[in-house]
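Participant: Provided below: start_6.pdb, containing PDB, C-alpha atoms.
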```pdb
ATOM      1  CA  MET A   1      19.881  34.027  49.162  1.00  0.00           C
ATOM      2  CA  LYS A   2      16.377  34.287  47.721  1.00  0.00           C
ATOM      3  CA  SER A   3      14.808  31.766  50.061  1.00  0.00           C
ATOM      4  CA  GLU A   4      14.268  33.336  53.456  1.00  0.00           C
ATOM      5  CA  LYS A   5      13.038  30.013  54.859  1.00  0.00           C
ATOM      6  CA  ALA A   6      16.234  28.232  53.799  1.00  0.00           C
ATOM      7  CA  LYS A   7      18.383  31.098  55.076  1.00  0.00           C
ATOM      8  CA  GLU A   8      16.678  31.004  58.488  1.00  0.00           C
ATOM      9  CA  TYR A   9      17.049  27.232  58.678  1.00  0.00           C
ATOM     10  CA  ILE A  10      20.749  27.323  57.757  1.00  0.00           C
ATOM     11  CA  THR A  11      21.404  30.164  60.196  1.00  0.00           C
ATOM     12  CA  HIS A  12      19.684  28.271  63.014  1.00  0.00           C
ATOM     13  CA  ALA A  13      21.447  24.994  62.210  1.00  0.00           C
ATOM     14  CA  THR A  14      24.824  26.721  61.979  1.00  0.00           C
ATOM     15  CA  CYS A  15      24.382  28.595  65.248  1.00  0.00           C
ATOM     16  CA  THR A  16      23.351  25.395  66.972  1.00  0.00           C
ATOM     17  CA  ALA A  17      26.413  23.550  65.623  1.00  0.00           C
ATOM     18  CA  GLN A  18      28.753  26.363  66.686  1.00  0.00           C
ATOM     19  CA  GLU A  19      27.272  26.408  70.170  1.00  0.00           C
ATOM     20  CA  TYR A  20      27.719  22.650  70.351  1.00  0.00           C
ATOM     21  CA  ALA A  21      31.369  22.945  69.297  1.00  0.00           C
ATOM     22  CA  GLU A  22      32.029  25.646  71.901  1.00  0.00           C
ATOM     23  CA  ARG A  23      30.426  23.641  74.693  1.00  0.00           C
ATOM     24  CA  PHE A  24      32.225  20.409  73.930  1.00  0.00           C
ATOM     25  CA  GLY A  25      35.550  21.795  72.707  1.00  0.00           C
ATOM     26  CA  GLY A  26      35.133  20.863  69.064  1.00  0.00           C
ATOM     27  CA  ARG A  27      36.572  23.136  66.412  1.00  0.00           C
ATOM     28  CA  GLU A  28      34.860  21.802  63.324  1.00  0.00           C
ATOM     29  CA  LEU A  29      31.472  22.852  62.085  1.00  0.00           C
ATOM     30  CA  VAL A  30      29.521  19.800  61.041  1.00  0.00           C
ATOM     31  CA  VAL A  31      26.347  20.085  59.007  1.00  0.00           C
ATOM     32  CA  SER A  32      24.600  16.843  58.203  1.00  0.00           C
ATOM     33  CA  ARG A  33      23.205  15.839  54.828  1.00  0.00           C
ATOM     34  CA  TRP A  34      19.776  16.024  56.431  1.00  0.00           C
ATOM     35  CA  ASP A  35      20.322  19.713  57.260  1.00  0.00           C
ATOM     36  CA  VAL A  36      21.437  20.491  53.722  1.00  0.00           C
ATOM     37  CA  SER A  37      18.607  18.462  52.231  1.00  0.00           C
ATOM     38  CA  THR A  38      16.056  20.257  54.413  1.00  0.00           C
ATOM     39  CA  ALA A  39      17.431  23.672  53.451  1.00  0.00           C
ATOM     40  CA  ILE A  40      17.297  22.762  49.766  1.00  0.00           C
ATOM     41  CA  GLY A  41      13.721  21.521  50.148  1.00  0.00           C
ATOM     42  CA  LEU A  42      12.686  24.770  51.815  1.00  0.00           C
ATOM     43  CA  ALA A  43      14.334  26.800  49.046  1.00  0.00           C
ATOM     44  CA  GLU A  44      12.587  24.753  46.346  1.00  0.00           C
ATOM     45  CA  GLN A  45       9.231  25.077  48.108  1.00  0.00           C
ATOM     46  CA  GLU A  46       9.608  28.841  48.426  1.00  0.00           C
ATOM     47  CA  ALA A  47      10.634  29.161  44.747  1.00  0.00           C
ATOM     48  CA  GLU A  48       7.561  27.153  43.733  1.00  0.00           C
ATOM     49  CA  GLU A  49       5.315  29.376  45.858  1.00  0.00           C
ATOM     50  CA  ARG A  50       6.788  32.491  44.218  1.00  0.00           C
ATOM     51  CA  MET A  51       6.254  31.038  40.730  1.00  0.00           C
ATOM     52  CA  ARG A  52       2.643  30.113  41.501  1.00  0.00           C
ATOM     53  CA  ALA A  53       1.947  33.630  42.788  1.00  0.00           C
ATOM     54  CA  LYS A  54       3.605  35.103  39.713  1.00  0.00           C
ATOM     55  CA  ALA A  55       1.573  32.860  37.388  1.00  0.00           C
ATOM     56  CA  HIS A  56      -1.640  33.878  39.185  1.00  0.00           C
ATOM     57  CA  LYS A  57      -0.798  37.556  38.763  1.00  0.00           C
ATOM     58  CA  ILE A  58       0.056  37.162  35.066  1.00  0.00           C
ATOM     59  CA  ILE A  59      -3.152  35.236  34.284  1.00  0.00           C
ATOM     60  CA  LYS A  60      -5.237  37.825  36.138  1.00  0.00           C
ATOM     61  CA  GLU A  61      -3.570  40.721  34.306  1.00  0.00           C
ATOM     62  CA  MET A  62      -4.021  39.018  30.932  1.00  0.00           C
ATOM     63  CA  MET A  63      -7.692  38.314  31.583  1.00  0.00           C
ATOM     64  CA  GLU A  64      -8.372  41.894  32.701  1.00  0.00           C
ATOM     65  CA  GLY A  65      -7.905  42.922  29.080  1.00  0.00           C
ATOM     66  CA  VAL A  66     -10.588  40.481  27.958  1.00  0.00           C
ATOM     67  CA  PHE A  67     -13.110  40.145  30.795  1.00  0.00           C
ATOM     68  CA  GLN A  68     -14.759  42.559  33.218  1.00  0.00           C
ATOM     69  CA  GLY A  69     -15.813  42.363  36.874  1.00  0.00           C
ATOM     70  CA  ASN A  70     -14.669  39.448  39.007  1.00  0.00           C
ATOM     71  CA  MET A  71     -14.079  37.161  36.029  1.00  0.00           C
ATOM     72  CA  PRO A  72     -10.283  37.798  35.736  1.00  0.00           C
ATOM     73  CA  GLN A  73      -9.824  37.027  39.444  1.00  0.00           C
ATOM     74  CA  ASN A  74     -11.994  33.908  39.159  1.00  0.00           C
ATOM     75  CA  ILE A  75     -10.045  32.641  36.143  1.00  0.00           C
ATOM     76  CA  ALA A  76      -6.703  33.246  37.893  1.00  0.00           C
ATOM     77  CA  ASP A  77      -7.976  31.528  41.051  1.00  0.00           C
ATOM     78  CA  GLU A  78      -9.169  28.520  39.066  1.00  0.00           C
ATOM     79  CA  PHE A  79      -5.824  28.366  37.265  1.00  0.00           C
ATOM     80  CA  SER A  80      -4.001  28.331  40.625  1.00  0.00           C
ATOM     81  CA  GLN A  81      -6.336  25.670  41.969  1.00  0.00           C
ATOM     82  CA  LYS A  82      -5.616  23.456  38.954  1.00  0.00           C
ATOM     83  CA  LEU A  83      -1.864  23.918  39.518  1.00  0.00           C
ATOM     84  CA  ASN A  84      -2.246  22.845  43.133  1.00  0.00           C
ATOM     85  CA  GLU A  85      -4.162  19.683  42.183  1.00  0.00           C
ATOM     86  CA  GLU A  86      -1.152  18.135  40.397  1.00  0.00           C
TER      87      GLU A  86
END
```
Would you mind giving the structure from this file in structure tokens?

Facilitator:
Amino acid sequence: MKSEKAKEYITHATCTAQEYAERFGGRELVVSRWDVSTAIGLAEQEAEERMRAKAHKIIKEMMEGVFQGNMPQNIADEFSQKLNEE
């Protein structure tokens, strides 16, 4: 799984459900829609963060061929800021 946040959340939720089943004699593992929805949200958030970082890196690398000094970094930073403003 690419999303470490989602993996950690699912692992924690699953362990908690198993412990609950052992304590109270249940044999079924129950994961609520809320748990699944939260894990999906975490995975989407992490994927978006990776894409934003990748876009920043690409813009910076492209601008390094055109501009000198801090300008490529500034352009990439401004690009990222505009993405975050949505």

Participant: Using all atoms listed in the file, find all polymer residues with an atom at most 7 Å away from the point (15.1, 28.7, 48.7); report them as JSON, numbers by chain.

Facilitator: {"A": [2, 3, 4, 5, 6, 40, 42, 43, 44, 45, 46, 47]}

Participant: Measure the distance from CA of Asn74 in chain A to CA of Ala53 in chain A in Å and round it to one decimal.

Facilitator: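 For CA of Asn74 in chain A relative to CA of Ala53 in chain A, the distance reads 14.4 Å.
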
Participant: Just the number, please: distance in Å from CA of Ile59 in chain A to CA of Pro72 in chain A, one decimal.

Facilitator: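 Between CA of Ile59 in chain A and CA of Pro72 in chain A the gap is 7.7 Å.
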
Participant: Calculate how many Å separate CA of Asn70 in chain A from CA of Lys57 in chain A, rounding to one decimal.

Facilitator: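 The value is 14.0 Å.
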
Participant: Identify all residues satisfying the PyMOL selection byres ((chain A and resi 76-78) around 9) in the given file; provide them as a PDB file with C-alpha atoms, keeping the file's coordinate frame.

Facilitator:
```pdb
ATOM      1  CA  ALA A  55       1.573  32.860  37.388  1.00  0.00           C
ATOM      2  CA  HIS A  56      -1.640  33.878  39.185  1.00  0.00           C
ATOM      3  CA  LYS A  57      -0.798  37.556  38.763  1.00  0.00           C
ATOM      4  CA  ILE A  58       0.056  37.162  35.066  1.00  0.00           C
ATOM      5  CA  ILE A  59      -3.152  35.236  34.284  1.00  0.00           C
ATOM      6  CA  LYS A  60      -5.237  37.825  36.138  1.00  0.00           C
ATOM      7  CA  GLU A  61      -3.570  40.721  34.306  1.00  0.00           C
ATOM      8  CA  MET A  63      -7.692  38.314  31.583  1.00  0.00           C
ATOM      9  CA  MET A  71     -14.079  37.161  36.029  1.00  0.00           C
ATOM     10  CA  PRO A  72     -10.283  37.798  35.736  1.00  0.00           C
ATOM     11  CA  GLN A  73      -9.824  37.027  39.444  1.00  0.00           C
ATOM     12  CA  ASN A  74     -11.994  33.908  39.159  1.00  0.00           C
ATOM     13  CA  ILE A  75     -10.045  32.641  36.143  1.00  0.00           C
ATOM     14  CA  PHE A  79      -5.824  28.366  37.265  1.00  0.00           C
ATOM     15  CA  SER A  80      -4.001  28.331  40.625  1.00  0.00           C
ATOM     16  CA  GLN A  81      -6.336  25.670  41.969  1.00  0.00           C
ATOM     17  CA  LYS A  82      -5.616  23.456  38.954  1.00  0.00           C
ATOM     18  CA  LEU A  83      -1.864  23.918  39.518  1.00  0.00           C
TER      19      LEU A  83
END
```
